[in-house]
Each structure stands twice: as C-alpha cells, then as structure tokens.
>>> print(open('protein_13.cif').read())   # mmCIF, C-alpha atoms
data_query
#
loop_
_atom_site.label_atom_id
_atom_site.label_comp_id
_atom_site.auth_asym_id
_atom_site.auth_seq_id
_atom_site.Cartn_x
_atom_site.Cartn_y
_atom_site.Cartn_z
CA MET A 230 20.75 16.80 7.64
CA GLY A 231 21.34 19.37 4.94
CA ARG A 232 19.06 19.73 1.98
CA LYS A 233 20.00 17.71 -1.05
CA SER A 234 18.63 17.85 -4.57
CA LEU A 235 16.96 14.54 -5.45
CA LYS A 236 16.11 13.91 -9.09
CA TYR A 237 13.62 11.07 -8.82
CA TYR A 238 12.18 11.21 -5.30
CA ASP A 239 9.08 13.17 -6.34
CA MET A 240 8.47 10.86 -9.29
CA ILE A 241 8.59 7.78 -7.04
CA MET A 242 6.19 9.51 -4.64
CA VAL A 243 3.69 10.26 -7.43
CA LEU A 244 3.82 6.68 -8.71
CA PHE A 245 3.41 5.35 -5.19
CA VAL A 246 0.31 7.46 -4.49
CA THR A 247 -1.23 6.65 -7.88
CA VAL A 248 -0.82 2.91 -7.40
CA LEU A 249 -2.17 3.19 -3.85
CA ILE A 250 -5.36 5.03 -4.85
CA MET A 251 -6.02 2.81 -7.87
CA SER A 252 -5.55 -0.35 -5.82
CA ASN A 253 -8.18 0.84 -3.36
CA ILE A 254 -10.65 1.69 -6.14
CA LEU A 255 -10.09 -1.73 -7.70
CA SER A 256 -10.58 -3.40 -4.31
CA SER A 257 -13.99 -1.80 -4.11
CA ALA A 258 -14.92 -2.52 -7.74
CA LYS A 259 -14.48 -6.27 -8.05
CA ILE A 260 -13.65 -9.56 -6.32
CA VAL A 261 -11.69 -11.89 -8.61
CA ASP A 262 -12.10 -15.66 -8.46
CA TRP A 263 -9.42 -17.76 -10.16
CA ARG A 264 -11.65 -20.87 -9.94
CA MET A 265 -8.81 -22.60 -8.10
CA SER A 266 -8.16 -23.55 -4.49
CA LEU A 267 -5.14 -23.93 -2.21
CA LEU A 268 -5.48 -26.49 0.58
CA GLY A 269 -9.21 -26.31 0.13
CA ILE A 270 -9.30 -22.50 0.29
CA PRO A 271 -10.70 -20.85 -2.88
CA LEU A 272 -8.28 -18.42 -4.54
CA ALA A 273 -10.59 -15.40 -4.56
CA PHE A 274 -9.44 -11.87 -3.78
CA ASP A 275 -10.36 -8.26 -4.30
CA ALA A 276 -9.00 -6.87 -7.57
CA GLY A 277 -6.83 -4.31 -5.80
CA THR A 278 -4.64 -7.18 -4.64
CA ILE A 279 -3.23 -7.33 -8.17
CA LEU A 280 -1.86 -3.80 -7.92
CA PHE A 281 -1.44 -3.14 -4.20
CA PRO A 282 1.83 -5.10 -3.76
CA VAL A 283 3.47 -2.63 -6.15
CA SER A 284 2.97 0.12 -3.55
CA TYR A 285 5.04 -1.96 -1.11
CA ILE A 286 7.76 -2.34 -3.72
CA PHE A 287 7.83 1.46 -4.06
CA GLY A 288 7.91 1.67 -0.26
CA ASP A 289 10.92 -0.66 -0.16
CA ILE A 290 12.71 1.39 -2.80
CA LEU A 291 12.01 4.66 -0.98
CA THR A 292 13.32 3.39 2.37
CA GLU A 293 16.30 1.56 0.89
CA VAL A 294 17.51 4.53 -1.15
CA TYR A 295 16.22 7.63 0.66
CA GLY A 296 15.77 6.42 4.24
CA TYR A 297 12.87 6.13 6.68
CA ARG A 298 12.33 9.87 7.17
CA ARG A 299 11.69 10.55 3.49
CA SER A 300 9.65 7.36 3.23
CA ARG A 301 7.56 8.52 6.19
CA ARG A 302 6.69 11.70 4.30
CA VAL A 303 5.50 9.68 1.30
CA ILE A 304 3.44 7.34 3.49
CA TRP A 305 1.62 10.31 5.03
CA MET A 306 1.11 11.80 1.58
CA GLY A 307 -0.49 8.55 0.45
CA PHE A 308 -2.65 8.48 3.58
CA SER A 309 -3.87 12.02 2.93
CA CYS A 310 -4.58 11.33 -0.76
CA LEU A 311 -6.59 8.22 0.14
CA ILE A 312 -8.80 10.32 2.40
CA LEU A 313 -9.15 13.01 -0.28
CA SER A 314 -10.08 10.49 -3.01
CA SER A 315 -12.73 8.93 -0.77
CA LEU A 316 -14.23 12.33 0.05
CA LEU A 317 -14.35 13.32 -3.63
CA LEU A 318 -16.07 10.08 -4.63
CA TYR A 319 -18.54 10.52 -1.77
CA PHE A 320 -19.41 14.10 -2.79
CA VAL A 321 -19.93 12.98 -6.40
CA LYS A 322 -22.21 10.25 -5.08
CA LEU A 323 -24.42 12.92 -3.47
CA MET A 324 -24.77 14.93 -6.69
CA PRO A 325 -27.89 14.36 -8.85
CA GLY A 326 -27.34 12.26 -11.96
CA GLU A 327 -28.13 13.42 -15.50
CA GLY A 328 -31.14 11.77 -17.15
CA ASN A 329 -29.42 9.73 -19.86
CA TRP A 330 -26.72 8.65 -17.44
CA GLU A 331 -29.37 7.45 -15.00
CA LYS A 332 -30.92 5.32 -17.77
CA THR A 333 -27.68 3.81 -19.11
CA VAL A 334 -25.62 3.56 -15.91
CA GLY A 335 -27.59 4.78 -12.92
CA GLN A 336 -26.88 5.71 -9.35
CA GLY A 337 -27.31 2.10 -8.29
CA ALA A 338 -24.37 1.01 -10.42
CA TYR A 339 -22.20 3.84 -9.10
CA ASP A 340 -23.04 2.93 -5.52
CA ALA A 341 -22.54 -0.79 -6.11
CA VAL A 342 -19.11 -0.41 -7.70
CA LEU A 343 -17.69 2.44 -5.63
CA SER A 344 -19.46 1.88 -2.31
CA GLY A 345 -16.20 0.62 -0.86
CA MET A 346 -14.53 3.98 -1.51
CA THR A 347 -17.49 5.99 -0.21
CA SER A 348 -18.62 3.94 2.79
CA GLY A 349 -17.00 4.20 6.17
CA GLY A 350 -16.23 0.50 6.44
CA ILE A 351 -13.78 -0.07 3.64
CA VAL A 352 -12.30 3.42 3.97
CA ALA A 353 -11.51 2.73 7.62
CA ALA A 354 -10.17 -0.72 6.73
CA SER A 355 -7.98 0.67 3.94
CA LEU A 356 -6.59 3.55 5.98
CA LEU A 357 -5.83 1.53 9.10
CA GLY A 358 -4.37 -1.40 7.19
CA TYR A 359 -2.30 0.87 4.97
CA TRP A 360 -0.98 2.95 7.88
CA LEU A 361 0.09 -0.02 9.99
CA GLY A 362 1.41 -2.00 7.04
CA GLU A 363 3.48 0.69 5.35
CA PHE A 364 5.09 2.03 8.52
CA SER A 365 5.95 -1.46 9.79
CA ASN A 366 7.32 -2.34 6.34
CA SER A 367 9.52 0.75 6.26
CA TYR A 368 10.67 0.28 9.85
CA VAL A 369 11.63 -3.38 9.41
CA LEU A 370 13.50 -2.68 6.16
CA ALA A 371 15.43 0.24 7.68
CA LYS A 372 16.45 -1.83 10.72
CA MET A 373 17.39 -4.86 8.62
CA LYS A 374 19.55 -2.67 6.38
CA ILE A 375 21.64 -1.75 9.38
CA LEU A 376 21.78 -5.34 10.67
CA THR A 377 22.89 -6.67 7.27
CA GLY A 378 25.29 -3.81 6.61
CA GLY A 379 23.48 -3.04 3.37
CA ARG A 380 24.01 -6.55 1.99
CA TRP A 381 21.41 -9.07 0.87
CA LEU A 382 18.73 -6.63 -0.27
CA TRP A 383 16.33 -9.52 -0.94
CA THR A 384 16.23 -10.38 2.78
CA ARG A 385 15.03 -6.86 3.54
CA THR A 386 12.46 -6.56 0.78
CA VAL A 387 10.94 -9.97 1.49
CA GLY A 388 11.32 -9.80 5.27
CA SER A 389 9.72 -6.37 5.57
CA THR A 390 6.92 -7.45 3.24
CA LEU A 391 6.15 -10.51 5.35
CA VAL A 392 5.54 -8.20 8.31
CA GLY A 393 3.98 -5.21 6.54
CA GLU A 394 1.68 -7.13 4.22
CA GLY A 395 0.73 -9.48 7.04
CA LEU A 396 -0.47 -6.62 9.24
CA ASP A 397 -2.07 -4.78 6.34
CA THR A 398 -4.00 -7.79 5.06
CA LEU A 399 -5.18 -8.98 8.47
CA VAL A 400 -6.33 -5.53 9.59
CA PHE A 401 -7.92 -4.61 6.26
CA VAL A 402 -9.95 -7.80 5.90
CA SER A 403 -10.88 -7.89 9.61
CA VAL A 404 -12.22 -4.33 9.65
CA ALA A 405 -13.93 -4.76 6.26
CA VAL A 406 -15.69 -7.94 7.41
CA PHE A 407 -16.64 -6.37 10.73
CA CYS A 408 -18.20 -3.41 8.90
CA GLY A 409 -20.07 -5.67 6.50
CA VAL A 410 -18.08 -4.79 3.38
CA PHE A 411 -17.07 -8.43 2.80
CA PRO A 412 -19.08 -11.46 4.00
CA ALA A 413 -17.65 -13.21 7.05
CA ALA A 414 -17.57 -16.48 5.10
CA LEU A 415 -14.80 -15.01 2.91
CA PHE A 416 -12.56 -13.93 5.80
CA THR A 417 -10.08 -16.82 5.70
CA THR A 418 -10.06 -16.94 1.91
CA LEU A 419 -9.39 -13.21 1.55
CA VAL A 420 -6.68 -13.14 4.24
CA VAL A 421 -4.80 -16.20 2.97
CA THR A 422 -5.05 -15.49 -0.75
CA ASN A 423 -4.32 -11.76 -0.37
CA TYR A 424 -1.29 -12.41 1.80
CA LEU A 425 0.18 -15.18 -0.35
CA PHE A 426 -0.39 -13.24 -3.56
CA LYS A 427 1.14 -10.02 -2.21
CA VAL A 428 4.21 -11.74 -0.79
CA GLY A 429 4.54 -13.76 -3.99
CA VAL A 430 4.48 -10.62 -6.13
CA GLU A 431 7.13 -9.00 -3.92
CA ALA A 432 9.38 -12.05 -4.22
CA ALA A 433 8.86 -12.30 -7.98
CA MET A 434 9.67 -8.60 -8.42
CA THR A 435 12.95 -8.86 -6.48
CA PRO A 436 15.15 -8.71 -9.63
CA ALA A 437 13.34 -5.57 -10.79
CA THR A 438 13.67 -4.07 -7.30
CA TYR A 439 17.42 -4.73 -7.37
CA LEU A 440 17.67 -3.01 -10.76
CA VAL A 441 15.67 0.08 -9.75
CA VAL A 442 17.46 0.43 -6.41
CA GLY A 443 20.85 0.19 -8.10
CA VAL A 444 19.96 2.77 -10.74
CA LEU A 445 18.51 5.20 -8.19
CA LYS A 446 21.42 4.92 -5.78
CA LYS A 447 23.82 5.73 -8.59
CA ALA A 448 21.72 8.53 -10.06
CA GLU A 449 20.90 10.16 -6.72
CA GLN A 450 24.28 9.46 -5.11
CA GLU A 451 22.25 8.35 -2.10
CA ASP A 452 22.25 5.18 0.00
CA TYR A 453 20.77 6.15 3.34
CA TYR A 454 21.31 4.26 6.61
CA ASP A 455 18.92 5.05 9.47
CA TYR A 456 21.48 4.88 12.29
CA ARG A 457 20.07 7.77 14.32
CA THR A 458 16.62 8.08 12.85
CA ASN A 459 13.60 8.96 14.96
CA PHE A 460 11.17 6.19 13.91
CA ASN A 461 8.13 7.84 15.46
CA PRO A 462 5.64 7.91 12.55
CA PHE A 463 4.19 11.19 13.87
CA SER A 464 7.54 12.97 14.13
CA ARG A 465 7.84 16.20 12.15
CA GLY A 466 11.10 17.40 13.64
CA SER A 467 14.69 16.25 13.44
CA ASP A 468 15.57 13.15 11.54
CA THR A 469 17.67 11.86 14.41
CA CYS A 470 16.93 10.80 17.94
CA SER A 471 18.13 12.99 20.75
#
>>> encode(input="protein_13.cif", output="structure tokens")
Amino acid sequence: MGRKSLKYYDMIMVLFVTVLIMSNILSSAKIVDWRMSLLGIPLAFDAGTILFPVSYIFGDILTEVYGYRRSRRVIWMGFSCLILSSLLLYFVKLMPGEGNWEKTVGQGAYDAVLSGMTSGGIVAASLLGYWLGEFSNSYVLAKMKILTGGRWLWTRTVGSTLVGEGLDTLVFVSVAVFCGVFPAALFTTLVVTNYLFKVGVEAAMTPATYLVVGVLKKAEQEDYYDYRTNFNPFSRGSDTCS
C-alpha cells in the first residue's frame, strides 16, 4: 500500500486516546449509582462507563474508514498512553506533598481517588480488557464490512460492539474484582450495567456515527476494505497476508 495523505486520521487518534485515558481516570475516581434497578440488579457503574463507549465509536469510525491496519496502530498508541499515564500518576503519588496541600487535600485523598490508576489491579484490568475489546471490535467490524459489502453500517457498529464491549467489560470487572479493586458483591451489577449502558450508548450514537463516517469518507477519499489484511494484532509488517 502506498502512502496517502490523510487529513483527519491524526485528529481522530488524539481524540480516541484522550477519551480512553479520561475514561480510565473516571473509572478510578467514582462509582455512580442511579438509585434504580433492572430485574433486581442495581444500576451502579464506574463513572468511566459514561465516557468509555465513545472510544469504541472512534474505533468503529477508524476501522470503517481507514481499515484495520491503521486502527491497529491507534489501538497500540492508546495502550501505550494508558501505561504512560498510570506510571506518571504513580510517580506523582511517590512525591512528597506540600504542607498546605496536605492540610486541604492530603495524600489520603489522592490515593483514594486515583488508586485505580496507580495500583496494579485496575491497571491490569484496564489494559487487558481494553486490548481484547478493541482488537475484537475492530476485527469483527472489518470482517462484517466485507460480508455486508459495505452496506448496513449499523449492523457492523452494533455487532462489533456487542463482541468488543462484552469481552472488555467481562475481563475488566473480573480482573478488578479478583485484585480487590471492586467488591465481589458488585460483580454482576457492574458487568450487567456496564455492558448494557455501553451497548446502549453505541446504538443511540448510530446516527452520529453515520454522519461522521460519511463526512470522513468523502473528505479523505477513503473507504477501506480489509480483503487481504493481516489481522495479527502484533504485526508490524505488510498490511496483507502472504
């Protein structure tokens, strides 16, 4: 594949990574309770759930317009930035606090709010869930695009989300509970509410996804089909299979 100038690819990548990092910080900072229940299961979820589905929408847009190979590059960029953000927050945690800050805020508050981004448990949960979820989402969408001949975009965005968000949510909550980040009593609640909310957001955002995809395809003169793509997530070579 020859090199091609892409006007908005880098912008989409920056937005994707920003949303990804912020969603992980919010997940660590607060658990939201809507004071409602669904089939007897309380609708409580970590705050990052509000923002995290947007990263999957960006992932859908990247794969639909630019193809799996370019999406793979963005996924790895997000993975690397998540590690970097966790390391930076951990190093700041180790630094001594200024006197007035200790009185008004304090190290205890910092640790309580950001422990999820600085402790091994939630970092491992986030990274593993993100990695499995995003790559499966991109793979399913790319394959469905070929099967549908590029028609019925909604089937790809929703179908890939059902798989990607399902793996992401199950792995994230399982690892986080196992590591003691979330109490075991909240396992079912967090899995069910996170999954339903994320899929619901994706479905609700379908009209906006259609609009952005249409604009980007026209502006970039790009509508990639992964007919001969090497789907190995670790591949750094040719875009096509041998």
>>> closest_residue(input="protein_13.cif", among="A:Leu313, A:Leu399, A:Val334, A:Val369", to="A:Met346", atoms="only C-alpha atoms")
A:Leu313
>>> closest_atom_pairs(input="protein_13.cif", of="stretch 285-357 of chain A", to="stretch 375-390 of chain A", cutoff="9 Å", atoms="all atoms listed in the file", output="CSV")
residue,atom,partner,partner_atom,distance
A:Tyr285,CA,A:Thr390,CA,7.3
A:Ile286,CA,A:Thr386,CA,7.8
A:Asp289,CA,A:Thr386,CA,6.2
A:Ile290,CA,A:Thr386,CA,8.7
A:Glu293,CA,A:Leu382,CA,8.6
>>> write_last_selection(input="protein_13.cif", atoms="C-alpha atoms", output="PDB file, keeping the file's coordinate frame")
ATOM      1  CA  TYR A 285       5.040  -1.960  -1.110  1.00  0.00           C
ATOM      2  CA  ILE A 286       7.760  -2.340  -3.720  1.00  0.00           C
ATOM      3  CA  ASP A 289      10.920  -0.660  -0.160  1.00  0.00           C
ATOM      4  CA  ILE A 290      12.710   1.390  -2.800  1.00  0.00           C
ATOM      5  CA  GLU A 293      16.300   1.560   0.890  1.00  0.00           C
TER       6      GLU A 293
END
>>> atom_distance(input="protein_13.cif", atom1="atom CA of A:Lys374", atom2="atom CA of A:Phe287")
16.2 Å
>>> residues_around(input="protein_13.cif", residues="A:Pro271", least_positions_apart="4", cutoff="10 Å", atoms="all atoms listed in the file", output="PyMOL selection string")
chain A and resi 262-267+415+417-419+421-422
>>> closest_residue(input="protein_13.cif", among="A:Val294, A:Leu268, A:Leu244, A:Met324", to="A:Glu451", atoms="all atoms listed in the file")
A:Val294
>>> closest_residue(input="protein_13.cif", among="A:Ala371, A:Ala432, A:Ala437, A:Val444", to="A:Arg299", atoms="all atoms listed in the file")
A:Ala371
>>> residues_near_point(input="protein_13.cif", point="(-11.0, 0.1, 7.6)", cutoff="12 Å", atoms="all atoms listed in the file", output="PyMOL selection string")
chain A and resi 253+311-312+345-361+397-411
>>> atom_distance(input="protein_13.cif", atom1="atom CA of A:Val248", atom2="atom CA of A:Ser365")
19.0 Å
>>> closest_residue(input="protein_13.cif", among="A:Pro436, A:Val430, A:Lys322, A:Leu249", to="A:Gly337", atoms="only C-alpha atoms")
A:Lys322
>>> resolve_selection(input="protein_13.cif", expression="the PyMOL selection byres ((chain A and resi 235) around 9)", output="PDB file with C-alpha atoms, keeping the file's coordinate frame")
ATOM      1  CA  LYS A 233      20.000  17.710  -1.050  1.00  0.00           C
ATOM      2  CA  SER A 234      18.630  17.850  -4.570  1.00  0.00           C
ATOM      3  CA  LYS A 236      16.110  13.910  -9.090  1.00  0.00           C
ATOM      4  CA  TYR A 237      13.620  11.070  -8.820  1.00  0.00           C
ATOM      5  CA  TYR A 238      12.180  11.210  -5.300  1.00  0.00           C
ATOM      6  CA  ASP A 239       9.080  13.170  -6.340  1.00  0.00           C
ATOM      7  CA  ALA A 448      21.720   8.530 -10.060  1.00  0.00           C
ATOM      8  CA  GLU A 449      20.900  10.160  -6.720  1.00  0.00           C
ATOM      9  CA  GLN A 450      24.280   9.460  -5.110  1.00  0.00           C
ATOM     10  CA  GLU A 451      22.250   8.350  -2.100  1.00  0.00           C
TER      11      GLU A 451
END
>>> build_atoms(input="protein_13.cif", residues="stretch 297-333 of chain A", atoms="N, CA and C atoms", output="PDB file, in the frame of the given file")
ATOM      1  N   TYR A 297      14.195   6.189   6.049  1.00  0.00           N
ATOM      2  CA  TYR A 297      12.870   6.130   6.680  1.00  0.00           C
ATOM      3  C   TYR A 297      12.197   7.490   6.739  1.00  0.00           C
ATOM      4  N   ARG A 298      12.951   8.552   7.019  1.00  0.00           N
ATOM      5  CA  ARG A 298      12.330   9.870   7.170  1.00  0.00           C
ATOM      6  C   ARG A 298      11.640  10.307   5.898  1.00  0.00           C
ATOM      7  N   ARG A 299      12.306  10.159   4.759  1.00  0.00           N
ATOM      8  CA  ARG A 299      11.690  10.550   3.490  1.00  0.00           C
ATOM      9  C   ARG A 299      10.562   9.580   3.127  1.00  0.00           C
ATOM     10  N   SER A 300      10.722   8.323   3.463  1.00  0.00           N
ATOM     11  CA  SER A 300       9.650   7.360   3.230  1.00  0.00           C
ATOM     12  C   SER A 300       8.433   7.701   4.074  1.00  0.00           C
ATOM     13  N   ARG A 301       8.660   8.131   5.302  1.00  0.00           N
ATOM     14  CA  ARG A 301       7.560   8.520   6.190  1.00  0.00           C
ATOM     15  C   ARG A 301       6.742   9.652   5.569  1.00  0.00           C
ATOM     16  N   ARG A 302       7.391  10.591   4.950  1.00  0.00           N
ATOM     17  CA  ARG A 302       6.690  11.700   4.300  1.00  0.00           C
ATOM     18  C   ARG A 302       5.791  11.192   3.173  1.00  0.00           C
ATOM     19  N   VAL A 303       6.282  10.232   2.399  1.00  0.00           N
ATOM     20  CA  VAL A 303       5.500   9.680   1.300  1.00  0.00           C
ATOM     21  C   VAL A 303       4.315   8.875   1.825  1.00  0.00           C
ATOM     22  N   ILE A 304       4.529   8.129   2.899  1.00  0.00           N
ATOM     23  CA  ILE A 304       3.440   7.340   3.490  1.00  0.00           C
ATOM     24  C   ILE A 304       2.311   8.257   3.944  1.00  0.00           C
ATOM     25  N   TRP A 305       2.657   9.368   4.601  1.00  0.00           N
ATOM     26  CA  TRP A 305       1.620  10.310   5.030  1.00  0.00           C
ATOM     27  C   TRP A 305       0.952  10.986   3.840  1.00  0.00           C
ATOM     28  N   MET A 306       1.706  11.229   2.782  1.00  0.00           N
ATOM     29  CA  MET A 306       1.110  11.800   1.580  1.00  0.00           C
ATOM     30  C   MET A 306       0.087  10.832   0.993  1.00  0.00           C
ATOM     31  N   GLY A 307       0.443   9.553   0.935  1.00  0.00           N
ATOM     32  CA  GLY A 307      -0.490   8.550   0.450  1.00  0.00           C
ATOM     33  C   GLY A 307      -1.723   8.450   1.328  1.00  0.00           C
ATOM     34  N   PHE A 308      -1.533   8.519   2.628  1.00  0.00           N
ATOM     35  CA  PHE A 308      -2.650   8.480   3.580  1.00  0.00           C
ATOM     36  C   PHE A 308      -3.609   9.639   3.337  1.00  0.00           C
ATOM     37  N   SER A 309      -3.048  10.828   3.164  1.00  0.00           N
ATOM     38  CA  SER A 309      -3.870  12.020   2.930  1.00  0.00           C
ATOM     39  C   SER A 309      -4.615  11.936   1.598  1.00  0.00           C
ATOM     40  N   CYS A 310      -3.948  11.437   0.566  1.00  0.00           N
ATOM     41  CA  CYS A 310      -4.580  11.330  -0.760  1.00  0.00           C
ATOM     42  C   CYS A 310      -5.681  10.274  -0.774  1.00  0.00           C
ATOM     43  N   LEU A 311      -5.528   9.215   0.025  1.00  0.00           N
ATOM     44  CA  LEU A 311      -6.590   8.220   0.140  1.00  0.00           C
ATOM     45  C   LEU A 311      -7.846   8.849   0.747  1.00  0.00           C
ATOM     46  N   ILE A 312      -7.665   9.639   1.778  1.00  0.00           N
ATOM     47  CA  ILE A 312      -8.800  10.320   2.400  1.00  0.00           C
ATOM     48  C   ILE A 312      -9.453  11.270   1.398  1.00  0.00           C
ATOM     49  N   LEU A 313      -8.627  12.049   0.689  1.00  0.00           N
ATOM     50  CA  LEU A 313      -9.150  13.010  -0.280  1.00  0.00           C
ATOM     51  C   LEU A 313      -9.927  12.299  -1.385  1.00  0.00           C
ATOM     52  N   SER A 314      -9.393  11.205  -1.919  1.00  0.00           N
ATOM     53  CA  SER A 314     -10.080  10.490  -3.010  1.00  0.00           C
ATOM     54  C   SER A 314     -11.416   9.935  -2.531  1.00  0.00           C
ATOM     55  N   SER A 315     -11.470   9.452  -1.308  1.00  0.00           N
ATOM     56  CA  SER A 315     -12.730   8.930  -0.770  1.00  0.00           C
ATOM     57  C   SER A 315     -13.757  10.046  -0.605  1.00  0.00           C
ATOM     58  N   LEU A 316     -13.317  11.199  -0.120  1.00  0.00           N
ATOM     59  CA  LEU A 316     -14.230  12.330   0.050  1.00  0.00           C
ATOM     60  C   LEU A 316     -14.775  12.810  -1.294  1.00  0.00           C
ATOM     61  N   LEU A 317     -13.913  12.873  -2.306  1.00  0.00           N
ATOM     62  CA  LEU A 317     -14.350  13.320  -3.630  1.00  0.00           C
ATOM     63  C   LEU A 317     -15.382  12.362  -4.218  1.00  0.00           C
ATOM     64  N   LEU A 318     -15.119  11.071  -4.110  1.00  0.00           N
ATOM     65  CA  LEU A 318     -16.070  10.080  -4.630  1.00  0.00           C
ATOM     66  C   LEU A 318     -17.391  10.131  -3.860  1.00  0.00           C
ATOM     67  N   TYR A 319     -17.326  10.426  -2.576  1.00  0.00           N
ATOM     68  CA  TYR A 319     -18.540  10.520  -1.770  1.00  0.00           C
ATOM     69  C   TYR A 319     -19.370  11.745  -2.173  1.00  0.00           C
ATOM     70  N   PHE A 320     -18.692  12.881  -2.383  1.00  0.00           N
ATOM     71  CA  PHE A 320     -19.410  14.100  -2.790  1.00  0.00           C
ATOM     72  C   PHE A 320     -20.051  13.927  -4.165  1.00  0.00           C
ATOM     73  N   VAL A 321     -19.356  13.250  -5.088  1.00  0.00           N
ATOM     74  CA  VAL A 321     -19.930  12.980  -6.400  1.00  0.00           C
ATOM     75  C   VAL A 321     -21.155  12.074  -6.268  1.00  0.00           C
ATOM     76  N   LYS A 322     -21.082  11.143  -5.343  1.00  0.00           N
ATOM     77  CA  LYS A 322     -22.210  10.250  -5.080  1.00  0.00           C
ATOM     78  C   LYS A 322     -23.469  11.040  -4.692  1.00  0.00           C
ATOM     79  N   LEU A 323     -23.295  12.123  -3.950  1.00  0.00           N
ATOM     80  CA  LEU A 323     -24.420  12.920  -3.470  1.00  0.00           C
ATOM     81  C   LEU A 323     -25.023  13.812  -4.559  1.00  0.00           C
ATOM     82  N   MET A 324     -24.268  14.047  -5.628  1.00  0.00           N
ATOM     83  CA  MET A 324     -24.770  14.930  -6.690  1.00  0.00           C
ATOM     84  C   MET A 324     -25.830  14.223  -7.529  1.00  0.00           C
ATOM     85  N   PRO A 325     -26.841  14.973  -8.018  1.00  0.00           N
ATOM     86  CA  PRO A 325     -27.890  14.360  -8.850  1.00  0.00           C
ATOM     87  C   PRO A 325     -27.341  13.920 -10.198  1.00  0.00           C
ATOM     88  N   GLY A 326     -27.812  12.783 -10.683  1.00  0.00           N
ATOM     89  CA  GLY A 326     -27.340  12.260 -11.960  1.00  0.00           C
ATOM     90  C   GLY A 326     -28.131  12.810 -13.133  1.00  0.00           C
ATOM     91  N   GLU A 327     -27.484  12.958 -14.267  1.00  0.00           N
ATOM     92  CA  GLU A 327     -28.130  13.420 -15.500  1.00  0.00           C
ATOM     93  C   GLU A 327     -29.050  12.307 -16.024  1.00  0.00           C
ATOM     94  N   GLY A 328     -30.105  12.703 -16.728  1.00  0.00           N
ATOM     95  CA  GLY A 328     -31.140  11.770 -17.150  1.00  0.00           C
ATOM     96  C   GLY A 328     -30.657  10.577 -17.943  1.00  0.00           C
ATOM     97  N   ASN A 329     -29.910  10.824 -19.023  1.00  0.00           N
ATOM     98  CA  ASN A 329     -29.420   9.730 -19.860  1.00  0.00           C
ATOM     99  C   ASN A 329     -28.457   8.820 -19.092  1.00  0.00           C
ATOM    100  N   TRP A 330     -27.644   9.446 -18.257  1.00  0.00           N
ATOM    101  CA  TRP A 330     -26.720   8.650 -17.440  1.00  0.00           C
ATOM    102  C   TRP A 330     -27.481   7.738 -16.492  1.00  0.00           C
ATOM    103  N   GLU A 331     -28.565   8.256 -15.916  1.00  0.00           N
ATOM    104  CA  GLU A 331     -29.370   7.450 -15.000  1.00  0.00           C
ATOM    105  C   GLU A 331     -29.962   6.238 -15.719  1.00  0.00           C
ATOM    106  N   LYS A 332     -30.318   6.412 -17.014  1.00  0.00           N
ATOM    107  CA  LYS A 332     -30.920   5.320 -17.770  1.00  0.00           C
ATOM    108  C   LYS A 332     -29.885   4.271 -18.177  1.00  0.00           C
ATOM    109  N   THR A 333     -28.688   4.731 -18.590  1.00  0.00           N
ATOM    110  CA  THR A 333     -27.680   3.810 -19.110  1.00  0.00           C
ATOM    111  C   THR A 333     -26.779   3.224 -18.016  1.00  0.00           C
TER     112      THR A 333
END
